[in-house]
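Peer 1: For reference, this is run_2.txt, and it has compact mmCIF, C-alpha atoms and all ligand atoms.
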# COMPACT_ATOMS: atom_id res chain seq x y z
CA MET A 1454 108.19 144.86 14.18
CA LYS A 1455 107.73 146.24 10.71
CA LEU A 1456 104.01 146.69 11.00
CA LEU A 1457 104.24 148.45 14.29
CA LYS A 1458 102.72 151.59 12.99
CA PHE A 1459 100.59 152.55 15.91
CA LEU A 1460 102.10 154.89 18.38
CA LEU A 1461 101.01 154.19 21.86
CA VAL A 1462 101.03 157.58 23.37
CA LEU A 1463 99.63 156.75 26.71
CA VAL A 1464 97.66 154.18 28.64
CA PHE A 1465 96.27 155.15 31.97
CA ALA A 1466 93.53 154.29 34.36
CA ILE A 1467 91.01 156.55 35.88
CA LEU A 1468 89.11 155.48 38.90
CA ILE A 1469 85.57 156.63 38.72
CA PHE A 1470 83.72 156.95 41.95
CA SER A 1471 79.96 157.15 41.63
CA GLY A 1472 80.39 157.71 37.95
CA ALA A 1473 81.58 161.26 38.27
CA LEU A 1474 84.67 161.80 40.31
CA MET A 1475 87.76 161.23 38.23
CA ILE A 1476 91.17 160.77 39.75
CA PRO A 1477 93.51 160.97 36.82
CA SER A 1478 96.61 160.25 38.90
CA GLN A 1479 95.60 156.60 39.28
CA TYR A 1480 97.69 154.59 36.88
CA ASN A 1481 96.63 151.12 35.98
CA ASN A 1482 99.62 149.05 36.93
CA GLY A 1483 98.89 145.88 34.98
CA ASP A 1484 101.93 144.39 33.33
CA ASP A 1485 103.37 144.49 29.82
CA ARG A 1486 102.24 147.99 29.22
CA LYS A 1487 104.36 150.62 27.64
CA ALA A 1488 104.70 153.70 29.75
CA GLY A 1489 103.15 156.79 28.34
CA SER A 1490 104.47 160.24 27.72
CA ALA A 1491 103.17 163.36 29.38
CA MET A 1492 99.67 163.15 30.74
CA GLY A 1493 96.99 165.69 30.18
CA ALA A 1494 98.39 167.00 26.94
CA GLU A 1495 95.79 165.34 24.76
CA VAL A 1496 92.44 166.77 23.95
CA VAL A 1497 89.62 164.41 24.75
CA ASN A 1498 86.32 164.97 23.05
CA ASP A 1499 83.50 162.92 21.57
CA GLU A 1500 85.14 162.94 18.21
CA ASN A 1501 88.29 161.06 19.08
CA MET A 1502 86.88 158.98 21.92
CA VAL A 1503 85.62 155.43 21.43
CA LYS A 1504 83.91 153.79 24.37
CA ILE A 1505 84.21 150.03 24.54
CA THR A 1506 82.63 147.74 27.09
CA ALA A 1507 83.96 144.29 27.81
CA SER A 1508 81.68 141.59 29.18
CA MET A 1509 81.42 137.81 29.11
CA TRP A 1510 82.23 137.18 26.27
CA LYS A 1511 82.30 140.08 23.92
CA TYR A 1512 83.41 143.60 23.30
CA ASP A 1513 80.83 146.18 22.44
CA PRO A 1514 81.35 147.36 19.78
CA PRO A 1515 83.43 144.50 18.35
CA HIS A 1516 84.35 146.47 15.25
CA ILE A 1517 85.94 149.87 15.60
CA GLU A 1518 86.63 152.06 12.64
CA ILE A 1519 89.21 154.78 13.10
CA LYS A 1520 90.99 157.16 10.79
CA LYS A 1521 94.61 156.90 9.81
CA GLY A 1522 96.78 159.64 11.25
CA LYS A 1523 94.24 160.79 13.84
CA LEU A 1524 94.75 160.34 17.54
CA VAL A 1525 92.06 158.17 19.07
CA ILE A 1526 91.31 157.38 22.68
CA LEU A 1527 89.76 154.03 23.51
CA GLU A 1528 87.93 154.13 26.80
CA LEU A 1529 87.36 150.66 28.20
CA THR A 1530 85.45 149.27 31.12
CA SER A 1531 84.15 145.86 32.12
CA LEU A 1532 80.54 145.10 32.92
CA ASP A 1533 81.30 141.97 34.93
CA ARG A 1534 84.73 140.49 35.67
CA LEU A 1535 88.36 141.13 34.83
CA HIS A 1536 89.09 140.98 31.12
CA GLY A 1537 92.10 141.85 29.03
CA PHE A 1538 92.40 144.06 25.99
CA TYR A 1539 95.26 143.07 23.74
CA ILE A 1540 96.21 144.24 20.24
CA PRO A 1541 99.01 141.80 19.31
CA GLU A 1542 100.06 143.70 16.20
CA PHE A 1543 100.98 146.75 18.27
CA ASP A 1544 102.04 144.96 21.41
CA ILE A 1545 99.54 146.98 23.40
CA ARG A 1546 97.58 145.52 26.26
CA ALA A 1547 95.61 146.60 29.27
CA ASP A 1548 93.55 145.10 32.08
CA VAL A 1549 89.87 145.95 31.82
CA MET A 1550 88.19 145.96 35.21
CA PRO A 1551 84.68 146.52 36.45
CA ASN A 1552 83.99 149.88 38.10
CA LYS A 1553 87.08 151.33 36.54
CA THR A 1554 87.72 153.00 33.23
CA ILE A 1555 91.01 152.76 31.43
CA ARG A 1556 92.14 154.70 28.42
CA VAL A 1557 94.30 153.53 25.57
CA GLU A 1558 95.52 156.14 23.14
CA LEU A 1559 96.34 155.17 19.59
CA MET A 1560 97.85 157.03 16.69
CA PRO A 1561 97.08 154.78 13.71
CA GLU A 1562 99.66 155.24 11.00
CA LYS A 1563 98.79 152.45 8.60
CA ILE A 1564 95.47 151.37 7.17
CA GLY A 1565 94.46 147.81 7.78
CA ASN A 1566 92.54 145.49 10.08
CA TYR A 1567 94.02 144.87 13.50
CA PRO A 1568 92.46 142.18 15.68
CA PHE A 1569 92.21 142.59 19.44
CA LEU A 1570 91.25 140.00 22.01
CA CYS A 1571 90.77 139.24 25.66
CA ASP A 1572 94.05 137.82 26.98
CA ILE A 1573 92.93 136.95 30.50
CA PHE A 1574 90.99 133.70 30.70
CA CYS A 1575 87.44 134.66 31.62
CA GLY A 1576 85.36 131.52 31.17
CA ASP A 1577 83.37 129.62 28.59
CA GLY A 1578 83.44 132.04 25.68
CA HIS A 1579 86.90 133.46 26.34
CA GLY A 1580 88.35 131.90 23.22
CA GLU A 1581 85.96 133.85 21.05
CA MET A 1582 86.07 137.17 22.86
CA ASN A 1583 87.66 139.42 20.29
CA GLY A 1584 87.17 142.27 17.83
CA VAL A 1585 88.87 144.22 15.09
CA ILE A 1586 90.14 147.76 14.74
CA HIS A 1587 89.74 148.94 11.18
CA VAL A 1588 92.05 151.75 10.25
CA VAL A 1589 90.74 153.58 7.22
CA ASP A 1590 91.90 156.53 5.17
CA MET B 193 108.79 95.95 18.66
CA ASN B 194 109.36 95.99 14.93
CA ILE B 195 107.53 96.89 11.79
CA LYS B 196 105.40 93.75 12.06
CA ARG B 197 103.84 95.07 15.22
CA ARG B 198 101.65 97.30 13.14
CA ASP B 199 99.91 94.24 11.75
CA PHE B 200 98.79 93.44 15.22
CA LEU B 201 97.48 96.89 15.93
CA LYS B 202 93.77 96.49 15.90
CA ILE B 203 91.31 99.26 16.32
CA THR B 204 87.80 98.47 17.29
CA ALA B 205 86.05 101.21 15.48
CA PHE B 206 82.96 103.06 16.45
CA GLY B 207 80.22 100.59 15.66
CA GLY B 208 82.41 97.54 15.96
CA ALA B 209 84.27 97.28 12.65
CA VAL B 210 87.79 95.99 13.11
CA PHE B 211 90.79 97.22 11.14
CA SER B 212 93.95 95.24 11.36
CA THR B 213 96.12 97.06 8.85
CA GLY B 214 96.27 100.23 6.84
CA LEU B 215 95.16 102.26 9.75
CA PHE B 216 98.07 104.61 9.88
CA GLN B 217 99.20 107.17 7.40
CA ARG B 218 102.88 106.39 7.68
CA ALA B 219 104.51 103.06 8.15
CA VAL B 220 108.20 103.69 8.36
CA PHE B 221 109.91 102.41 11.43
CA ALA B 222 113.57 102.21 10.61
CA GLU B 223 115.09 101.22 13.90
CA SER B 224 114.08 98.25 15.94
CA LYS B 225 115.80 98.31 19.27
CA GLN B 226 114.35 96.86 22.38
CA ASP B 227 113.61 100.21 23.90
CA GLU B 228 111.30 101.35 21.17
CA PHE B 229 107.87 102.10 22.42
CA TYR B 230 104.80 104.11 21.69
CA PHE B 231 102.48 106.29 23.66
CA VAL B 232 99.08 107.77 22.91
CA GLN B 233 98.23 111.45 23.19
CA LEU B 234 94.69 112.62 23.78
CA SER B 235 93.82 116.27 24.08
CA ASP B 236 91.02 118.71 24.62
CA THR B 237 88.28 116.33 25.63
CA HIS B 238 86.31 119.22 27.21
CA TRP B 239 84.19 116.92 29.37
CA GLY B 240 80.99 118.79 30.24
CA PHE B 241 80.73 120.64 26.95
CA ASN B 242 77.22 120.06 25.77
CA ASN B 243 76.37 122.00 22.65
CA LYS B 244 75.09 119.52 20.09
CA LYS B 245 75.66 121.97 17.27
CA PHE B 246 79.38 121.34 17.66
CA ASN B 247 79.36 117.77 18.90
CA ALA B 248 76.26 115.62 18.53
CA ASP B 249 77.84 112.97 20.76
CA PRO B 250 79.52 114.96 23.54
CA GLN B 251 79.26 112.17 26.10
CA GLY B 252 80.12 109.40 23.69
CA THR B 253 83.16 110.67 21.85
CA LEU B 254 85.67 110.16 24.67
CA PRO B 255 84.43 106.69 25.68
CA LYS B 256 84.52 105.61 22.03
CA ALA B 257 88.07 106.88 21.63
CA ILE B 258 89.03 104.99 24.78
CA GLU B 259 87.51 101.83 23.32
CA SER B 260 89.63 102.31 20.21
CA ILE B 261 92.76 102.76 22.28
CA ASN B 262 91.92 99.74 24.40
CA ALA B 263 91.79 97.66 21.23
CA LEU B 264 95.42 98.42 20.42
CA ASP B 265 97.66 95.43 20.80
CA PRO B 266 100.16 95.77 22.29
CA GLN B 267 98.93 98.52 24.55
CA PRO B 268 100.81 101.84 24.63
CA ASP B 269 103.44 102.25 27.34
CA PHE B 270 101.42 105.20 28.57
CA VAL B 271 98.68 107.63 27.66
CA VAL B 272 98.94 111.37 28.09
CA PHE B 273 96.12 113.89 28.18
CA THR B 274 97.47 117.31 27.20
CA GLY B 275 94.86 119.47 28.87
CA ASP B 276 91.32 120.79 28.63
CA LEU B 277 90.17 117.56 30.19
CA THR B 278 86.99 119.36 31.19
CA HIS B 279 85.09 122.32 29.83
CA THR B 280 85.30 125.38 32.01
CA THR B 281 82.63 126.54 34.42
CA ASP B 282 82.46 129.31 37.02
CA ASP B 283 80.79 126.92 39.42
CA ASP B 284 83.42 125.19 41.60
CA GLU B 285 81.06 122.33 42.35
CA VAL B 286 80.34 121.69 38.69
CA ARG B 287 84.06 121.86 37.96
CA ARG B 288 84.76 119.15 40.51
CA LYS B 289 81.89 117.05 39.20
CA ARG B 290 83.30 117.26 35.68
CA LEU B 291 86.82 116.45 36.84
CA ALA B 292 85.51 113.47 38.82
CA GLU B 293 83.50 112.15 35.89
CA PHE B 294 86.42 112.62 33.55
CA GLN B 295 88.70 110.77 35.94
CA GLU B 296 86.25 107.86 36.16
CA ILE B 297 85.96 107.59 32.39
CA SER B 298 89.70 107.83 31.83
CA LYS B 299 90.18 104.90 34.20
CA GLN B 300 88.54 102.76 31.54
CA LEU B 301 91.83 102.96 29.66
CA LYS B 302 93.63 99.64 29.74
CA ALA B 303 97.03 101.33 29.61
CA LYS B 304 98.58 101.09 33.06
CA THR B 305 100.10 104.54 33.12
CA ILE B 306 98.18 107.74 32.44
CA HIS B 307 99.70 111.21 32.65
CA TYR B 308 97.26 114.06 33.04
CA MET B 309 97.83 117.72 32.33
CA PRO B 310 95.59 120.73 32.83
CA GLY B 311 94.30 123.10 30.17
CA GLU B 312 93.04 126.63 30.74
CA HIS B 313 89.50 125.26 30.88
CA ASP B 314 90.46 123.06 33.83
CA ALA B 315 92.71 125.39 35.73
CA SER B 316 92.53 129.07 34.79
CA ILE B 317 89.50 130.13 36.82
CA ASP B 318 90.71 128.76 40.17
CA GLY B 319 94.47 128.63 39.55
CA GLY B 320 94.37 124.85 39.30
CA LYS B 321 92.98 124.27 42.81
CA ALA B 322 90.30 121.73 41.88
CA TYR B 323 92.50 120.08 39.23
CA LYS B 324 95.22 119.39 41.79
CA GLU B 325 92.74 117.66 44.09
CA PHE B 326 92.11 115.09 41.38
CA PHE B 327 95.28 114.87 39.34
CA GLY B 328 98.12 116.27 41.40
CA ASP B 329 100.86 118.56 40.20
CA LEU B 330 100.25 121.08 37.45
CA HIS B 331 103.81 120.62 36.17
CA TYR B 332 106.12 117.67 36.63
CA THR B 333 108.65 115.43 34.93
CA PHE B 334 108.97 111.73 34.33
CA ASP B 335 111.42 109.50 32.55
CA HIS B 336 110.60 106.66 30.26
CA LYS B 337 113.04 104.37 28.49
CA GLY B 338 115.77 106.96 28.28
CA ILE B 339 113.58 109.92 27.39
CA HIS B 340 113.04 112.79 29.78
CA PHE B 341 109.48 114.11 29.68
CA ILE B 342 108.67 117.57 31.03
CA ALA B 343 105.02 118.55 31.52
CA LEU B 344 104.85 122.35 31.58
CA ASP B 345 101.89 124.34 32.88
CA ASN B 346 101.06 127.39 30.76
CA VAL B 347 97.40 127.43 31.72
CA SER B 348 96.81 127.84 35.47
CA ASP B 349 97.81 131.49 35.17
CA PRO B 350 94.83 133.14 33.42
CA ARG B 351 97.33 135.34 31.59
CA ALA B 352 98.83 132.29 29.86
CA ARG B 353 102.21 132.61 31.53
CA ILE B 354 104.51 129.83 32.64
CA GLY B 355 105.76 132.20 35.30
CA GLU B 356 109.19 132.91 36.77
CA GLU B 357 108.95 130.22 39.42
CA GLN B 358 108.21 127.44 36.97
CA LEU B 359 110.80 128.73 34.51
CA LYS B 360 113.39 128.54 37.29
CA TRP B 361 112.25 125.00 38.00
CA LEU B 362 112.58 124.17 34.30
CA GLU B 363 116.07 125.64 34.19
CA GLU B 364 117.13 123.57 37.20
CA ASP B 365 115.63 120.44 35.74
CA LEU B 366 117.33 120.93 32.37
CA LYS B 367 120.70 121.50 34.03
CA GLN B 368 120.66 117.90 35.18
CA HIS B 369 120.59 116.68 31.61
CA ASP B 370 123.14 116.31 28.88
CA LYS B 371 122.73 118.69 25.94
CA ASN B 372 122.15 115.66 23.72
CA ALA B 373 119.66 113.94 25.98
CA PRO B 374 116.32 113.16 24.35
CA ILE B 375 113.75 115.50 25.87
CA VAL B 376 110.02 115.70 25.27
CA VAL B 377 108.11 118.74 26.43
CA LEU B 378 104.39 118.37 26.95
CA THR B 379 102.30 121.54 27.14
CA HIS B 380 98.74 122.63 26.53
CA ARG B 381 99.34 125.89 24.69
CA PRO B 382 102.00 126.23 21.99
CA LEU B 383 105.32 127.58 23.27
CA PHE B 384 105.80 129.57 20.05
CA ASP B 385 103.60 132.33 18.64
CA LEU B 386 101.31 130.37 16.38
CA ALA B 387 98.50 132.95 16.26
CA LYS B 388 98.64 135.57 18.97
CA GLU B 389 95.38 137.14 17.80
CA TRP B 390 93.68 133.83 18.49
CA GLY B 391 95.34 133.30 21.85
CA TRP B 392 97.47 130.54 20.35
CA ALA B 393 100.67 131.39 22.16
CA THR B 394 102.22 131.39 25.62
CA THR B 395 102.87 134.87 26.99
CA ASP B 396 106.37 133.96 28.21
CA GLY B 397 106.83 130.99 25.90
CA ASP B 398 109.95 132.61 24.44
CA LYS B 399 111.63 132.25 27.84
CA ALA B 400 110.98 128.52 27.90
CA MET B 401 112.23 128.19 24.33
CA GLU B 402 115.39 130.04 25.26
CA LEU B 403 116.05 127.54 28.05
CA LEU B 404 115.36 124.61 25.72
CA MET B 405 117.41 125.85 22.76
CA PRO B 406 120.82 124.58 23.94
CA TYR B 407 119.37 121.08 24.02
CA LYS B 408 119.84 119.30 20.72
CA ASN B 409 117.08 116.75 20.99
CA VAL B 410 113.84 118.42 22.05
CA THR B 411 110.33 117.73 20.77
CA VAL B 412 107.17 119.44 21.98
CA PHE B 413 103.72 117.83 21.95
CA TYR B 414 100.82 120.09 22.80
CA GLY B 415 97.05 120.59 22.39
CA HIS B 416 94.83 123.67 22.71
CA ILE B 417 94.32 124.37 19.02
CA HIS B 418 92.08 121.35 18.36
CA GLN B 419 93.90 120.20 15.23
CA GLU B 420 97.13 118.71 14.01
CA HIS B 421 99.82 121.27 13.41
CA HIS B 422 103.55 120.87 12.89
CA HIS B 423 106.07 123.61 13.33
CA THR B 424 109.80 123.91 13.77
CA THR B 425 111.70 126.63 15.64
CA ALA B 426 115.41 126.15 14.92
CA HIS B 427 115.93 122.44 15.71
CA ILE B 428 112.90 122.07 18.00
CA GLN B 429 109.74 120.53 16.64
CA HIS B 430 106.25 121.30 17.87
CA HIS B 431 103.32 118.97 17.18
CA SER B 432 99.75 119.73 18.22
CA ALA B 433 97.04 117.11 18.58
CA LYS B 434 93.42 116.98 17.58
CA SER B 435 90.61 117.44 20.06
CA LEU B 436 87.91 114.99 21.04
CA ILE B 437 85.11 117.53 21.17
CA PHE B 438 85.15 119.99 18.24
CA PRO B 439 87.73 121.09 15.68
CA LEU B 440 88.91 124.67 15.19
CA PRO B 441 89.94 126.31 11.89
CA ALA B 442 93.55 126.39 10.73
CA PRO B 443 95.52 129.24 12.34
CA LYS B 444 94.47 132.63 10.90
CA SER B 445 92.58 130.91 8.05
CA VAL B 446 89.39 132.84 8.83
CA PRO B 447 88.94 136.42 10.07
CA LYS B 448 87.32 135.31 13.32
CA LYS B 449 88.11 132.14 15.23
CA HIS B 450 85.05 129.93 15.66
CA LYS B 451 84.22 126.35 16.53
CA ILE B 452 83.59 124.13 13.51
CA ALA B 453 80.03 122.79 13.54
CA TRP B 454 79.29 119.07 13.70
CA ASP B 455 79.01 117.57 10.25
CA THR B 456 76.16 115.05 10.28
CA ASP B 457 77.40 113.55 7.02
CA HIS B 458 80.84 113.04 8.52
CA PRO B 459 80.45 112.52 12.25
CA TYR B 460 83.62 112.90 14.32
CA ARG B 461 85.34 114.60 11.39
CA GLY B 462 88.39 116.51 12.57
CA LEU B 463 88.47 114.72 15.91
CA GLY B 464 90.81 111.98 16.99
CA VAL B 465 93.77 110.86 19.01
CA ARG B 466 97.25 109.89 18.01
CA ASN B 467 99.81 107.27 18.50
CA ILE B 468 103.42 108.41 18.82
CA GLU B 469 106.05 105.80 18.11
CA VAL B 470 109.43 106.46 19.57
CA GLY B 471 112.44 105.04 17.81
CA MET B 472 115.45 104.57 20.06
CA PRO B 473 118.19 105.31 20.77
CA SER B 474 117.90 108.42 18.62
CA ALA B 475 114.43 109.34 19.93
CA LYS B 476 112.86 109.60 16.54
CA PHE B 477 109.13 110.25 16.64
CA ASP B 478 106.63 108.91 14.17
CA ILE B 479 103.12 110.18 14.58
CA TYR B 480 100.12 108.16 13.47
CA ASN B 481 96.63 109.53 13.58
CA ILE B 482 93.98 107.29 14.94
CA ASP B 483 91.31 108.74 12.75
CA VAL B 484 87.86 108.72 14.23
CA LEU B 485 86.30 109.65 10.92
CA LYS B 486 87.62 106.57 9.17
CA SER B 487 86.10 104.38 11.79
CA ALA B 488 82.80 106.18 11.85
CA ASN B 489 82.45 105.99 8.10
CA THR B 490 83.16 102.31 7.96
CA LYS B 491 80.48 101.59 10.46
CA VAL B 492 78.53 98.60 9.26
CU CU A 1601 87.61 137.94 28.74
FE FE A 1602 90.54 123.18 24.21
Represent the structure of the file as structure tokens.
Peer 2:
Amino acid sequence: MKLLKFLLVLVFAILIFSGALMIPSQYNNGDDRKAGSAMGAEVVNDENMVKITASMWKYDPPHIEIKKGKLVILELTSLDRLHGFYIPEFDIRADVMPNKTIRVELMPEKIGNYPFLCDIFCGDGHGEMNGVIHVVD
Amino acid sequence: MNIKRRDFLKITAFGGAVFSTGLFQRAVFAESKQDEFYFVQLSDTHWGFNNKKFNADPQGTLPKAIESINALDPQPDFVVFTGDLTHTTDDDEVRRKRLAEFQEISKQLKAKTIHYMPGEHDASIDGGKAYKEFFGDLHYTFDHKGIHFIALDNVSDPRARIGEEQLKWLEEDLKQHDKNAPIVVLTHRPLFDLAKEWGWATTDGDKAMELLMPYKNVTVFYGHIHQEHHHTTAHIQHHSAKSLIFPLPAPKSVPKKHKIAWDTDHPYRGLGVRNIEVGMPSAKFDIYNIDVLKSANTKV
């Protein structure tokens, strides 16, 4: 697709036991995901990490501003039940589960507003569970 | 049935006003063979939804629409509900209560045949378990006066997939039909990507479309988006129906999808059902809105 300007570098899941122990070899094997490239090559720090929580029926924060041309890591977890995280424009999706953190890496190459939404039916407010990624210069 | 029939179509409006003519937006009915018929589509009744901000008459809208349909003369050959019969709940008991109440109310329809279909609100949380107890199969076919109707389920999977098994079933079913046979597909969600960012698509809808493409005479009627919408992919037409609970904005017309609030000056605005006249033998479809607003406004 012509607007497919994000580069999905890598999507993976990390099981967190008691909030501390990370097992980076645990891949999230939900469907429709693009396989990533080499793991562990990226540098994760506060600056390029955006933490997002999913819960019935919202994402917090719902608006995420990121810079064009800079690698960003979205770290997602659910506070209640299984949700989805889907950015149609970039054909990227992931399952967002409770007690589990998944990471979605993005390399935004084009400024613009890119909606994301929950794509796994999760009850009453599912239809309005969404947000926007704003890519700015 | 011929063009004169329309003169006998009477709608008892909300409040009791009776319209005998001029009810429908279009009045062209070129062919008049014996097999012509019409059916009524209702969608997205969301029984159990109870937020007065979006519908000040949540328990009355469906019964009133049923009254209007019951006033049609002659009666439709059948009525089809294209999903979201009930509003979703996490409570299995409440779900069954809503399904039972909906079933009772729908039995007030005079039409002898009613076809029910699930929406994601009815079937996504429990994979259609409760729905099946009340209404049977989640997907099925039936034939009526030379037209093959296929009710597809793209809702009981919470990921909005038809699924391989059902696609196989669809393929097998289609094989039994001539490429020119008139086929109507009934679904809840659109089979094409209307607005993916609003969830107005079927994850594997392209696979169903691929199977349908070789067939020359296919029309899809669906719901889910709570408004009329008409779209064509190649030679296949897709028509969505209004809801009977609250309208939604036109696809991608606003940055964030939201329910449209109840308009006290124009009650029932944006809600309604529709009458689909089928011209045979070419299976030509004429759609007439049974406009709730018109009735409500003419209330004496
Ligand atoms: Cu959700
Ligand atoms: Fe609905």
Peer 1: For Thr456 (chain B), work out the shell of residues within 10 Å, counting only C-alpha atoms and skipping chain neighbours fewer than 6 positions away, then give it as a ChimeraX atom specification.
Peer 2: /B:245,247-248
Peer 1: Neighbouring residues of ligand CU 1601 (chain A) are defined here as those with any atom at most 7 Å from a ligand atom, counting only C-alpha atoms and all ligand atoms; list them as a PyMOL selection string.
Peer 2: chain A and resi 1508-1510+1535-1537+1571-1575+1579+1582
Peer 1: Got a sec to pull out which chain B residues are within 9 Å of chain A, counting all atoms listed in the file, and send them as a list of chain:residue names?
Peer 2: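 That gives B:His279, B:Thr280, B:Thr281, B:Asp282, B:Glu312, B:His313, B:Ser316, B:Ile317, B:Asp349, B:Pro350, B:Arg351, B:Ala352, B:Lys388, B:Glu389, B:Trp390, B:Gly391, B:Pro447, B:Lys448, B:Lys449, B:His450, B:Lys451 for chain B.
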Peer 1: Taking (98.3, 153.0, 7.9) in the file's own coordinates, collect the residues within 8 Å, counting only C-alpha atoms, and hand them back as a list in words.
Peer 2: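 Residues close enough to count: Lys1458, Lys1521, Gly1522, Pro1561, Glu1562, Lys1563, Ile1564, Gly1565, Val1588, Val1589 and Asp1590 of chain A.
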Peer 1: Could you list the protein, DNA and RNA residues that have any atom within 8 Å of ligand FE 1602 (chain A), counting only C-alpha atoms and all ligand atoms, and write them as a list in words?
Peer 2: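 Final answer, ordered by chain and number: Ser235, Asp236, Thr237, His238, Gly275, Asp276, His279, Gly311, Glu312, His313, Gly415, His416, Ile417, His418 and Ser435 of chain B.
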Peer 1: Rounded to one decimal in Å, what is the spacing between CA of Lys399 (chain B) and CA of Leu362 (chain B)?
Peer 2: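 It comes out at 10.4 Å.
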Peer 1: Separation of CA of Gln300 (chain B) and CA of Asn243 (chain B), in Å?
Peer 2: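 Spanning CA of Gln300 (chain B) to CA of Asn243 (chain B) is a straight-line distance of 24.4 Å.
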Peer 1: Would you mind reading off the distance between CA of His331 (chain B) and CA of Glu228 (chain B), one decimal, in Å?
Peer 2: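 Distance reported for this atom pair: 25.5 Å.
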Peer 1: Determine, counting all atoms listed in the file, which protein, DNA and RNA residues have an atom within 8 Å of an atom of Lys244 (chain B); residues of the same chain fewer than 5 positions away are not included. Present the result as a PyMOL selection string.
Peer 2: chain B and resi 249-250+454
Peer 1: Taking all atoms listed in the file into account, which of B:Thr394, B:Ile258, B:Tyr323, B:Ala387 comes nearest Ser445 (chain B)?
Peer 2: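 Looking at the shortest contact to Ser445 (chain B), the residue is B:Ala387.
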Peer 1: Have a look at A:Ile1586, A:Ala1547, A:Met1560, A:Leu1529 and name the one nearest to Ala1507 (chain A); count only C-alpha atoms.
Peer 2: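 The shortest atom-to-atom distance to Ala1507 (chain A) comes from A:Leu1529.
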Peer 1: Fewer than 6 positions away in the same chain doesn't count, so skip those; otherwise give me all residues within 9 Å of Ala393 (chain B), counting only C-alpha atoms, as a PDB file with C-alpha atoms, keeping the file's coordinate frame.
Peer 2:
ATOM      1  CA  ALA B 352      98.830 132.290  29.860  1.00  0.00           C
ATOM      2  CA  ARG B 381      99.340 125.890  24.690  1.00  0.00           C
ATOM      3  CA  PRO B 382     102.000 126.230  21.990  1.00  0.00           C
ATOM      4  CA  LEU B 383     105.320 127.580  23.270  1.00  0.00           C
ATOM      5  CA  PHE B 384     105.800 129.570  20.050  1.00  0.00           C
ATOM      6  CA  ASP B 385     103.600 132.330  18.640  1.00  0.00           C
ATOM      7  CA  LEU B 386     101.310 130.370  16.380  1.00  0.00           C
ATOM      8  CA  ALA B 387      98.500 132.950  16.260  1.00  0.00           C
TER       9      ALA B 387
END
Peer 1: Which residues are near Glu1528 (chain A)? Cut-off 8 Å, all atoms listed in the file, ignore same chain within fewer than 5 positions. Put them as a PyMOL selection string.
Peer 2: chain A and resi 1502-1505+1554-1557
Peer 1: Region 1513-1516 of chain A, all listed atoms, 3 Å padding on each side: what axis-aligned box centre and edge lengths in Å to one decimal come out, as lines of an AutoDock Vina configuration file?
Peer 2:
center_x = 82.6
center_y = 145.9
center_z = 18.8
size_x = 9.5
size_y = 8.9
size_z = 13.2
